[in-house]
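**Q** Here it is: the structure, laid out below.
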Amino acid sequence: MLDPQLLRNDIEQVAKALTKRGFKLDIVAIETLEEKRKAIQVKTQQLQQQRNTRSKEIGKAKSQGKDAQALLDEVASLGDELKSSEEELNEVQKELNDIIMEIPNIPHESVPEGESEEDNEEVRRWGEPKVFDFTVKDHVDLGESLGLLDFEAAVRIAGARFSLMQGGIARLHRALIQFMLDTHTRDHGYTELNVPYLVNADSLRGTGQLPKFGEDLFHIEEHDLYLIPTAEVPVTNIARDQILSAETMPRKYVCHTPCFRSEAGSYGKDTRGMIRQHQFEKVELVQMVKAEDSYDALEELTGHAEKILQLLDLPYKVVTLCGGDIGFSATKTYDIEVWLPGQEKYREISSCSNFEAFQARRMKARWRNPDTGKPELIHTLNGSGLAIGRTLVAVLENYQDSEGHIAIPEILKSYMGGLEAIH
RNA sequence: GGAGAGGUGGCAGAGCGGUUGAAUGCACUGGUCUUGAAAACCAGCAAGGGUGCGAGCCCUUCGAGGGUUCGAAUCCCUCCCUCUCCGCCA
């Protein structure tokens, strides 16, 4: 949610800034409603004030044993007028709020112009795609010929876009999770969390998935709960309706969860293998910081995600998402893309974003600034560190040999009980 | 799921339907005292919003939403949550 003050005082600027992401702000609609709101709110508050003072007078008169009938008559007509004024105000405020909740965040000035993926800006590359002297397989062929990935069974059990791992691959999957959690807690100063995988609508509104993106979520209607699409939702909402004390800032959380996404609208996209699933696992990094620190924190957090790929010796590049490709709530996002030999492409494996106060404002997530004594909105950030399924794919494809066996990356061997390779 | 108790400011905890946005304590901030600190004493201290250049003035909020009333933290209804006991259960 953008600052309503900013929207009132500088709507032209906001509209201009939002064109960068291809969003057209309906200035006229907002200004019209805003004008209405102002008039009705002033009127309503005046009526409330009248009611309050009269009521106090009545109370005073009665306690002194005087006759209050004259005062009571005076206030009689106020009730209906106030009630209809309040209702009108509620309506206008709701209308305005509905619009505001669907306005995306303003991209940071450093975000490149552009309409789509094509226009994202490469920031850096790490590692060289390995040259294989045999025809490489993709992870599906590798997994199935090892007998350790069974998509057919997954379809039978659940349906499309699910997968079933076993043996060495299931263990490798688990090893990646442990390795990432250990690295981020031990080396990067994050606190490990375990959180609910079902969340309420308020939490999803807080981080920005609702109201606009409900169709991407799995919803359990009977209990009105949603399966989390990312750990970002439960973790960031720790701060919802809270005033954090300064000593607990910045907060850095790492959390492994499964993630559930309906993938509505991605029919036919990445249908092969485990790149795009309804259920996948992710180790998520979340930071809650002071406003002035959030861009440094974004660089730091992105570096923490990159470190995982470096330790796994997987080649990657980092791109800055352009205005047209950036997510609804973010001001700036770096995607990390890992090299997949099976596709001969770099594919997204992490997305690291600064949301500034956008989520915090929706969530009323604040901290108390000791300098002013006043609560101030925090800035929130998050990034995958990393997506486990895709990391597994990357390891399978990058560490394959001509036999279709998978070498275990050095750093994971201790997590694999010393195993050298998956046969 | 059944029975009972309860949800009030950063925390703890009062609160006859009427100057109660809310006693008191703790925490916090400033001051006095002290070589310094502690203790003691004095003072201040909720959040959100409207309006105004501004000092300010005003509105809202006591789990959430409705209702009764001139007036609701206080009365009524619905829902949510917490705690205790019973049942079930990984």
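Residue numbering restarts at 1 in every chain; chains get A, B, ... in the order shown in the structure tokens, and ligands count up from 1 in that same order.
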Find the residues in chain B near chain A: any atom within 9 Å counts, using only C-alpha atoms (C1' of nucleotides). Write them as a list of chain:residue names.

**A**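 Within 9 Å of chain A on chain B, we get B:G10, B:G18, B:U19, B:U29, B:G50, B:U51, B:C58, B:C59, B:C70, B:G71.
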
**Q** Limited to N, CA and C atoms (P, O5', C5', C4', C3', O3' and C1' of nucleotides), could you put the picked residues into a file as a PDB file, in the first residue's frame?

**A**
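Listing of selection_35.pdb after writing:
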```pdb
ATOM      1  P     G B  10       0.623  -0.302  23.259  1.00  0.00           P
ATOM      2  O5'   G B  10       2.087  -0.713  23.700  1.00  0.00           O
ATOM      3  C5'   G B  10       2.832  -1.600  22.873  1.00  0.00           C
ATOM      4  C4'   G B  10       3.868  -2.305  23.723  1.00  0.00           C
ATOM      5  C3'   G B  10       3.298  -3.084  24.901  1.00  0.00           C
ATOM      6  O3'   G B  10       2.901  -4.377  24.508  1.00  0.00           O
ATOM      7  C1'   G B  10       5.088  -1.731  25.638  1.00  0.00           C
ATOM      8  P     G B  18     -21.696   5.590  34.480  1.00  0.00           P
ATOM      9  O5'   G B  18     -21.625   6.880  33.538  1.00  0.00           O
ATOM     10  C5'   G B  18     -20.480   7.097  32.727  1.00  0.00           C
ATOM     11  C4'   G B  18     -20.589   8.493  32.128  1.00  0.00           C
ATOM     12  C3'   G B  18     -20.305   9.585  33.135  1.00  0.00           C
ATOM     13  O3'   G B  18     -19.210  10.338  32.634  1.00  0.00           O
ATOM     14  C1'   G B  18     -22.358   9.961  32.001  1.00  0.00           C
ATOM     15  P     U B  19     -17.833  10.200  32.620  1.00  0.00           P
ATOM     16  O5'   U B  19     -17.447  11.379  33.630  1.00  0.00           O
ATOM     17  C5'   U B  19     -17.615  12.692  33.217  1.00  0.00           C
ATOM     18  C4'   U B  19     -16.370  13.137  32.465  1.00  0.00           C
ATOM     19  C3'   U B  19     -15.175  13.420  33.377  1.00  0.00           C
ATOM     20  O3'   U B  19     -14.381  12.221  33.465  1.00  0.00           O
ATOM     21  C1'   U B  19     -15.600  15.303  31.997  1.00  0.00           C
ATOM     22  P     U B  29      15.303   5.178  29.073  1.00  0.00           P
ATOM     23  O5'   U B  29      14.678   6.625  28.848  1.00  0.00           O
ATOM     24  C5'   U B  29      14.478   7.134  27.527  1.00  0.00           C
ATOM     25  C4'   U B  29      13.811   8.487  27.597  1.00  0.00           C
ATOM     26  C3'   U B  29      14.462   9.494  28.532  1.00  0.00           C
ATOM     27  O3'   U B  29      15.587  10.134  27.955  1.00  0.00           O
ATOM     28  C1'   U B  29      12.132   9.473  28.907  1.00  0.00           C
ATOM     29  P     G B  50      -5.506  11.787   7.359  1.00  0.00           P
ATOM     30  O5'   G B  50      -6.692  12.730   7.844  1.00  0.00           O
ATOM     31  C5'   G B  50      -7.984  12.592   7.267  1.00  0.00           C
ATOM     32  C4'   G B  50      -8.906  13.623   7.863  1.00  0.00           C
ATOM     33  C3'   G B  50      -8.492  15.066   7.644  1.00  0.00           C
ATOM     34  O3'   G B  50      -8.909  15.524   6.380  1.00  0.00           O
ATOM     35  C1'   G B  50      -9.083  14.756   9.905  1.00  0.00           C
ATOM     36  P     U B  51      -7.976  16.484   5.570  1.00  0.00           P
ATOM     37  O5'   U B  51      -8.097  17.826   6.411  1.00  0.00           O
ATOM     38  C5'   U B  51      -9.334  18.521   6.476  1.00  0.00           C
ATOM     39  C4'   U B  51      -9.227  19.644   7.475  1.00  0.00           C
ATOM     40  C3'   U B  51      -8.048  20.587   7.255  1.00  0.00           C
ATOM     41  O3'   U B  51      -8.333  21.560   6.262  1.00  0.00           O
ATOM     42  C1'   U B  51      -8.172  19.985   9.531  1.00  0.00           C
ATOM     43  P     C B  58     -11.007  20.294  21.196  1.00  0.00           P
ATOM     44  O5'   C B  58     -11.476  19.376  19.981  1.00  0.00           O
ATOM     45  C5'   C B  58     -12.658  19.690  19.265  1.00  0.00           C
ATOM     46  C4'   C B  58     -12.740  18.869  18.010  1.00  0.00           C
ATOM     47  C3'   C B  58     -12.782  17.360  18.207  1.00  0.00           C
ATOM     48  O3'   C B  58     -14.064  16.924  18.625  1.00  0.00           O
ATOM     49  C1'   C B  58     -11.315  17.866  16.436  1.00  0.00           C
ATOM     50  P     C B  59     -14.203  15.548  19.432  1.00  0.00           P
ATOM     51  O5'   C B  59     -14.061  14.478  18.263  1.00  0.00           O
ATOM     52  C5'   C B  59     -15.012  14.432  17.205  1.00  0.00           C
ATOM     53  C4'   C B  59     -14.595  13.387  16.211  1.00  0.00           C
ATOM     54  C3'   C B  59     -14.367  12.004  16.799  1.00  0.00           C
ATOM     55  O3'   C B  59     -15.590  11.317  16.958  1.00  0.00           O
ATOM     56  C1'   C B  59     -12.567  12.549  15.382  1.00  0.00           C
ATOM     57  P     C B  70     -32.238   7.975  22.803  1.00  0.00           P
ATOM     58  O5'   C B  70     -30.907   8.832  22.699  1.00  0.00           O
ATOM     59  C5'   C B  70     -30.795   9.854  21.712  1.00  0.00           C
ATOM     60  C4'   C B  70     -29.625  10.734  22.051  1.00  0.00           C
ATOM     61  C3'   C B  70     -28.361   9.984  22.454  1.00  0.00           C
ATOM     62  O3'   C B  70     -27.626   9.579  21.312  1.00  0.00           O
ATOM     63  C1'   C B  70     -28.773  11.665  24.029  1.00  0.00           C
ATOM     64  P     G B  71     -27.031   8.104  21.280  1.00  0.00           P
ATOM     65  O5'   G B  71     -25.924   8.197  22.409  1.00  0.00           O
ATOM     66  C5'   G B  71     -24.771   9.015  22.211  1.00  0.00           C
ATOM     67  C4'   G B  71     -23.938   9.044  23.460  1.00  0.00           C
ATOM     68  C3'   G B  71     -23.485   7.680  23.972  1.00  0.00           C
ATOM     69  O3'   G B  71     -22.362   7.213  23.258  1.00  0.00           O
ATOM     70  C1'   G B  71     -24.301   8.967  25.763  1.00  0.00           C
TER      71        G B  71
END
```

**Q** Write down as number ranges by chain the residues belonging to segment 268-422 of chain A that are assigned alpha helix (DSSP H) by DSSP computed on the backbone.

**A** A: 294-311, 358-363, 388-398

**Q** For Lys282 of chain A, which residue among A:Lys130, A:Arg361, A:Arg125, A:His256 is the nearest when counting only C-alpha atoms?

**A**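 Under the stated criterion, the closest residue is A:His256.
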
**Q** Find the distance between atom CA of Gly114 of chain A and atom CA of Lys20 of chain A and write it in Å to one decimal.

**A** 7.4 Å

**Q** Would you kindly return, as a compact mmCIF listing (two decimals) with C-alpha atoms, in the first residue's frame, each protein, DNA or RNA residue with an atom no farther than 10 Å from any atom of Gln166 of chain A, considering only C-alpha atoms (C1' of nucleotides) and excluding same-chain residues fewer than 6 positions away?

**A**
```
# COMPACT_ATOMS: atom_id res chain seq x y z
CA GLY A 143 15.82 -39.00 -12.39
CA GLY A 147 14.49 -44.82 -10.91
CA LEU A 148 14.44 -42.06 -8.31
CA LEU A 149 11.97 -39.61 -9.81
CA ASP A 150 8.45 -40.85 -10.51
CA LEU A 172 19.75 -34.91 -1.78
CA HIS A 173 16.65 -32.76 -1.59
```

**Q** With a distance cut-off of 12 Å and only C-alpha atoms (C1' of nucleotides), select the neighbouring residues of Gly214 of chain A, excluding the residue or stretch itself and same-chain residues fewer than 2 positions from it, and output the selection as a compact mmCIF listing (two decimals) with N, CA, C and O atoms, in the first residue's frame.

**A**
```
# COMPACT_ATOMS: atom_id res chain seq x y z
N ALA A 201 -6.62 -14.72 5.72
CA ALA A 201 -6.65 -13.73 4.65
C ALA A 201 -5.93 -12.43 5.05
O ALA A 201 -5.30 -11.79 4.21
N LEU A 204 -2.35 -12.60 4.17
CA LEU A 204 -2.11 -12.49 2.73
C LEU A 204 -2.32 -11.07 2.22
O LEU A 204 -1.64 -10.62 1.30
N ARG A 205 -3.24 -10.37 2.85
CA ARG A 205 -3.40 -8.96 2.50
C ARG A 205 -2.16 -8.18 2.93
O ARG A 205 -1.70 -7.29 2.24
N GLY A 208 0.53 -8.70 0.42
CA GLY A 208 0.17 -8.23 -0.91
C GLY A 208 -0.37 -9.28 -1.87
O GLY A 208 -0.69 -8.98 -3.01
N GLN A 209 -0.50 -10.54 -1.41
CA GLN A 209 -1.06 -11.58 -2.29
C GLN A 209 -2.56 -11.36 -2.50
O GLN A 209 -3.09 -11.68 -3.55
N LEU A 210 -3.22 -10.83 -1.49
CA LEU A 210 -4.62 -10.46 -1.61
C LEU A 210 -4.71 -8.94 -1.51
O LEU A 210 -3.85 -8.33 -0.91
N PRO A 211 -5.73 -8.33 -2.12
CA PRO A 211 -6.89 -8.95 -2.75
C PRO A 211 -6.67 -9.35 -4.20
O PRO A 211 -7.51 -10.02 -4.78
N LYS A 212 -5.53 -8.97 -4.78
CA LYS A 212 -5.43 -9.02 -6.24
C LYS A 212 -5.10 -10.39 -6.81
O LYS A 212 -5.40 -10.67 -7.97
N ASP A 216 -4.12 -17.31 -7.53
CA ASP A 216 -2.85 -18.05 -7.50
C ASP A 216 -2.73 -18.94 -6.27
O ASP A 216 -1.75 -19.68 -6.13
N LEU A 217 -3.70 -18.83 -5.37
CA LEU A 217 -3.58 -19.52 -4.07
C LEU A 217 -4.48 -20.73 -3.96
O LEU A 217 -5.54 -20.79 -4.60
N PHE A 218 -4.08 -21.67 -3.13
CA PHE A 218 -4.97 -22.76 -2.73
C PHE A 218 -5.72 -22.32 -1.49
O PHE A 218 -5.12 -21.92 -0.50
N HIS A 219 -7.03 -22.38 -1.57
CA HIS A 219 -7.87 -21.86 -0.50
C HIS A 219 -8.69 -23.01 0.09
O HIS A 219 -9.31 -23.76 -0.64
N LEU A 225 -8.93 -20.75 5.26
CA LEU A 225 -7.48 -20.63 5.38
C LEU A 225 -6.85 -20.89 4.02
O LEU A 225 -7.46 -21.55 3.16
N TYR A 226 -5.65 -20.38 3.85
CA TYR A 226 -4.95 -20.54 2.58
C TYR A 226 -3.63 -21.26 2.80
O TYR A 226 -2.94 -21.02 3.80
N LEU A 227 -3.27 -22.12 1.85
CA LEU A 227 -1.94 -22.72 1.87
C LEU A 227 -0.94 -21.65 1.46
O LEU A 227 -1.18 -20.91 0.50
N ILE A 228 0.16 -21.56 2.16
CA ILE A 228 1.10 -20.49 1.87
C ILE A 228 1.75 -20.67 0.50
O ILE A 228 2.16 -21.78 0.16
N PRO A 229 1.86 -19.59 -0.27
CA PRO A 229 2.57 -19.67 -1.55
C PRO A 229 4.07 -19.47 -1.35
O PRO A 229 4.85 -19.71 -2.26
N ARG A 261 1.23 -23.33 -4.92
CA ARG A 261 0.76 -22.33 -5.87
C ARG A 261 -0.13 -22.99 -6.92
O ARG A 261 0.21 -24.05 -7.43
N SER A 262 -1.24 -22.34 -7.19
CA SER A 262 -2.19 -22.95 -8.13
C SER A 262 -1.66 -22.88 -9.57
O SER A 262 -2.08 -23.64 -10.41
N GLU A 263 -0.75 -21.95 -9.82
CA GLU A 263 -0.19 -21.77 -11.16
C GLU A 263 -1.29 -21.55 -12.19
O GLU A 263 -1.20 -21.97 -13.34
N ALA A 264 -2.34 -20.87 -11.74
CA ALA A 264 -3.39 -20.47 -12.68
C ALA A 264 -2.76 -19.58 -13.73
O ALA A 264 -1.96 -18.71 -13.41
```

**Q** Within 8 Å of segment 78-90 of chain B, which residues of segment 10-65 of chain B come that close, and what is the closest atom pair and distance in Å for each? Count only C-alpha atoms (C1' of nucleotides) and give it as a Markdown table.

**A**
```
| residue | atom | partner | partner_atom | distance |
| --- | --- | --- | --- | --- |
| B:G63 | C1' | B:C81 | C1' | 7.2 |
| B:A64 | C1' | B:C80 | C1' | 6.9 |
| B:G65 | C1' | B:C79 | C1' | 7.6 |
```

**Q** Where in segment 30-236 of chain A does DSSP assign strand (DSSP E), given as a ChimeraX atom specification?

**A** /A:121-126,191-193,198-199,219-220,225-227

**Q** Quick one: residues within 12 Å of A43 of chain B, only C-alpha atoms (C1' of nucleotides), excluding same-chain residues fewer than 4 positions away - as a PyMOL selection string?

**A** chain B and resi 29-32

**Q** Can I get the selected residues back with N, CA and C atoms (P, O5', C5', C4', C3', O3' and C1' of nucleotides), as a tab-separated table (two decimals), in the first residue's frame?

**A**
```
chain	number	residue	atom	x	y	z
B	29	U	P	15.30	5.18	29.07
B	29	U	O5'	14.68	6.63	28.85
B	29	U	C5'	14.48	7.13	27.53
B	29	U	C4'	13.81	8.49	27.60
B	29	U	C3'	14.46	9.49	28.53
B	29	U	O3'	15.59	10.13	27.95
B	29	U	C1'	12.13	9.47	28.91
B	30	G	P	16.76	10.65	28.91
B	30	G	O5'	16.14	11.93	29.59
B	30	G	C5'	15.93	13.12	28.83
B	30	G	C4'	15.19	14.13	29.65
B	30	G	C3'	15.85	14.53	30.97
B	30	G	O3'	16.91	15.46	30.81
B	30	G	C1'	13.55	14.15	31.34
B	31	G	P	18.07	15.50	31.92
B	31	G	O5'	17.33	16.07	33.21
B	31	G	C5'	16.94	17.44	33.27
B	31	G	C4'	16.16	17.72	34.52
B	31	G	C3'	16.93	17.57	35.82
B	31	G	O3'	17.74	18.69	36.11
B	31	G	C1'	14.80	16.55	36.02
B	32	U	P	19.03	18.53	37.03
B	32	U	O5'	18.42	18.32	38.49
B	32	U	C5'	17.73	19.39	39.13
B	32	U	C4'	17.27	18.95	40.50
B	32	U	C3'	18.36	18.39	41.40
B	32	U	O3'	19.09	19.41	42.05
B	32	U	C1'	16.46	16.96	41.45
```

**Q** Smallest atom-to-atom distance to Asp182 of chain A: which of A:Thr207, A:Val283, A:Gln50, A:Thr32, using only C-alpha atoms?

**A** A:Val283

**Q** Rounded to one decimal place, report the atom CA of Ser85 of chain A-atom CA of Gln5 of chain A distance in Å.

**A**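 We find that atom CA of Ser85 of chain A and atom CA of Gln5 of chain A lie 23.2 Å from each other.
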
**Q** Excluding Val289 of chain A and any residue of its chain fewer than 6 positions from it, enumerate the residues within 8 Å of it, using only C-alpha atoms (C1' of nucleotides), and give them as a JSON list (two decimals) with all heavy atoms, in the first residue's frame.

**A**
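As written to disk, around.json reads:
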```json
[["chain", "number", "residue", "atom", "x", "y", "z"],
["A", 249, "MET", "N", 16.06, -4.95, 16.15],
["A", 249, "MET", "CA", 16.23, -4.62, 14.73],
["A", 249, "MET", "C", 17.72, -4.58, 14.40],
["A", 249, "MET", "O", 18.51, -4.15, 15.23],
["A", 249, "MET", "CB", 15.63, -3.26, 14.45],
["A", 249, "MET", "CG", 14.17, -3.15, 14.81],
["A", 249, "MET", "SD", 13.09, -3.54, 13.45],
["A", 249, "MET", "CE", 13.40, -2.20, 12.33],
["A", 250, "PRO", "N", 18.11, -4.93, 13.18],
["A", 250, "PRO", "CA", 17.25, -5.54, 12.17],
["A", 250, "PRO", "C", 16.93, -6.98, 12.53],
["A", 250, "PRO", "O", 17.68, -7.60, 13.28],
["A", 250, "PRO", "CB", 18.12, -5.48, 10.91],
["A", 250, "PRO", "CG", 19.51, -5.56, 11.43],
["A", 250, "PRO", "CD", 19.51, -4.85, 12.74],
["A", 251, "ARG", "N", 15.83, -7.48, 12.01],
["A", 251, "ARG", "CA", 15.49, -8.89, 12.20],
["A", 251, "ARG", "C", 15.79, -9.64, 10.92],
["A", 251, "ARG", "O", 15.43, -9.20, 9.84],
["A", 251, "ARG", "CB", 14.02, -9.03, 12.54],
["A", 251, "ARG", "CG", 13.69, -8.40, 13.89],
["A", 251, "ARG", "CD", 12.39, -8.93, 14.39],
["A", 251, "ARG", "NE", 12.04, -8.30, 15.66],
["A", 251, "ARG", "CZ", 11.01, -8.71, 16.39],
["A", 251, "ARG", "NH1", 10.25, -9.71, 15.97],
["A", 251, "ARG", "NH2", 10.74, -8.12, 17.52],
["A", 297, "ALA", "N", 20.45, -3.65, 2.75],
["A", 297, "ALA", "CA", 19.98, -4.98, 3.13],
["A", 297, "ALA", "C", 19.65, -5.82, 1.90],
["A", 297, "ALA", "O", 19.88, -7.02, 1.87],
["A", 297, "ALA", "CB", 18.76, -4.87, 4.04],
["A", 378, "ILE", "N", 8.46, -0.14, 9.38],
["A", 378, "ILE", "CA", 9.68, -0.85, 9.04],
["A", 378, "ILE", "C", 9.75, -1.04, 7.53],
["A", 378, "ILE", "O", 8.77, -0.77, 6.83],
["A", 378, "ILE", "CB", 9.76, -2.24, 9.72],
["A", 378, "ILE", "CG1", 8.61, -3.13, 9.27],
["A", 378, "ILE", "CG2", 9.76, -2.09, 11.24],
["A", 378, "ILE", "CD1", 8.76, -4.58, 9.71],
["A", 379, "HIS", "N", 10.90, -1.42, 7.05],
["A", 379, "HIS", "CA", 11.01, -1.87, 5.66],
["A", 379, "HIS", "C", 11.17, -3.38, 5.67],
["A", 379, "HIS", "O", 11.89, -3.92, 6.52],
["A", 379, "HIS", "CB", 12.19, -1.20, 4.96],
["A", 379, "HIS", "CG", 11.88, 0.19, 4.47],
["A", 379, "HIS", "ND1", 12.64, 0.85, 3.54],
["A", 379, "HIS", "CD2", 10.85, 1.03, 4.78],
["A", 379, "HIS", "CE1", 12.10, 2.04, 3.28],
["A", 379, "HIS", "NE2", 11.03, 2.18, 4.05],
["A", 380, "THR", "N", 10.51, -4.05, 4.74],
["A", 380, "THR", "CA", 10.62, -5.51, 4.69],
["A", 380, "THR", "C", 11.28, -5.94, 3.39],
["A", 380, "THR", "O", 11.13, -5.28, 2.35],
["A", 380, "THR", "CB", 9.24, -6.18, 4.80],
["A", 380, "THR", "OG1", 8.39, -5.72, 3.74],
["A", 380, "THR", "CG2", 8.57, -5.87, 6.13]]
```

**Q** Give me, as a PDB file with all heavy atoms, in the first residue's frame, all polymer residues having an atom no more than 6 Å from segment 340-348 of chain A, counting only C-alpha atoms (C1' of nucleotides) and skipping those fewer than 3 positions away in the same chain.

**A**
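Done, and the output landed in part-v7.pdb:
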```pdb
ATOM      1  N   LYS A 137      21.552 -35.005 -20.310  1.00  0.00           N
ATOM      2  CA  LYS A 137      20.132 -35.287 -20.101  1.00  0.00           C
ATOM      3  C   LYS A 137      19.550 -34.179 -19.221  1.00  0.00           C
ATOM      4  O   LYS A 137      20.281 -33.522 -18.470  1.00  0.00           O
ATOM      5  CB  LYS A 137      19.976 -36.619 -19.357  1.00  0.00           C
ATOM      6  CG  LYS A 137      20.421 -37.839 -20.143  1.00  0.00           C
ATOM      7  CD  LYS A 137      20.231 -39.067 -19.252  1.00  0.00           C
ATOM      8  CE  LYS A 137      20.520 -40.337 -20.019  1.00  0.00           C
ATOM      9  NZ  LYS A 137      20.526 -41.519 -19.120  1.00  0.00           N
ATOM     10  N   ASP A 138      18.276 -34.004 -19.292  1.00  0.00           N
ATOM     11  CA  ASP A 138      17.670 -33.086 -18.328  1.00  0.00           C
ATOM     12  C   ASP A 138      17.310 -33.871 -17.067  1.00  0.00           C
ATOM     13  O   ASP A 138      17.458 -35.091 -17.009  1.00  0.00           O
ATOM     14  CB  ASP A 138      16.462 -32.340 -18.938  1.00  0.00           C
ATOM     15  CG  ASP A 138      15.216 -33.196 -19.036  1.00  0.00           C
ATOM     16  OD1 ASP A 138      15.276 -34.406 -18.753  1.00  0.00           O
ATOM     17  OD2 ASP A 138      14.166 -32.636 -19.402  1.00  0.00           O
ATOM     18  N   ILE A 336      17.992 -14.225  -9.299  1.00  0.00           N
ATOM     19  CA  ILE A 336      19.206 -15.012  -9.513  1.00  0.00           C
ATOM     20  C   ILE A 336      18.820 -16.175 -10.402  1.00  0.00           C
ATOM     21  O   ILE A 336      17.824 -16.857 -10.132  1.00  0.00           O
ATOM     22  CB  ILE A 336      19.788 -15.510  -8.180  1.00  0.00           C
ATOM     23  CG1 ILE A 336      20.057 -14.327  -7.250  1.00  0.00           C
ATOM     24  CG2 ILE A 336      21.063 -16.310  -8.426  1.00  0.00           C
ATOM     25  CD1 ILE A 336      20.500 -14.732  -5.852  1.00  0.00           C
ATOM     26  N   GLU A 337      19.566 -16.355 -11.464  1.00  0.00           N
ATOM     27  CA  GLU A 337      19.246 -17.400 -12.433  1.00  0.00           C
ATOM     28  C   GLU A 337      20.387 -18.388 -12.514  1.00  0.00           C
ATOM     29  O   GLU A 337      21.540 -18.003 -12.728  1.00  0.00           O
ATOM     30  CB  GLU A 337      18.969 -16.776 -13.809  1.00  0.00           C
ATOM     31  CG  GLU A 337      17.824 -15.765 -13.770  1.00  0.00           C
ATOM     32  CD  GLU A 337      17.539 -15.130 -15.122  1.00  0.00           C
ATOM     33  OE1 GLU A 337      18.378 -15.277 -16.047  1.00  0.00           O
ATOM     34  OE2 GLU A 337      16.492 -14.496 -15.263  1.00  0.00           O
ATOM     35  N   ALA A 394      19.116 -28.191 -10.661  1.00  0.00           N
ATOM     36  CA  ALA A 394      20.404 -27.654 -11.091  1.00  0.00           C
ATOM     37  C   ALA A 394      21.541 -28.594 -10.718  1.00  0.00           C
ATOM     38  O   ALA A 394      22.467 -28.815 -11.509  1.00  0.00           O
ATOM     39  CB  ALA A 394      20.632 -26.277 -10.470  1.00  0.00           C
ATOM     40  N   GLU A 397      21.414 -31.752 -13.004  1.00  0.00           N
ATOM     41  CA  GLU A 397      21.833 -31.518 -14.396  1.00  0.00           C
ATOM     42  C   GLU A 397      23.290 -31.100 -14.502  1.00  0.00           C
ATOM     43  O   GLU A 397      23.984 -31.480 -15.447  1.00  0.00           O
ATOM     44  CB  GLU A 397      20.913 -30.465 -15.048  1.00  0.00           C
ATOM     45  CG  GLU A 397      19.468 -30.978 -15.162  1.00  0.00           C
ATOM     46  CD  GLU A 397      18.552 -30.088 -16.002  1.00  0.00           C
ATOM     47  OE1 GLU A 397      19.030 -29.075 -16.553  1.00  0.00           O
ATOM     48  OE2 GLU A 397      17.353 -30.434 -16.105  1.00  0.00           O
TER      49      GLU A 397
END
```

**Q** Would you compute the distance between atom CA of Arg272 of chain A and atom CA of Glu152 of chain A? Give it in Å to one decimal.

**A**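 Spanning atom CA of Arg272 of chain A to atom CA of Glu152 of chain A is a straight-line distance of 11.8 Å.
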
**Q** From the list A:Ala365, A:Ala387, A:Val393, A:Leu298, which residue is nearest Ile238 of chain A when using only C-alpha atoms?

**A** A:Ala365
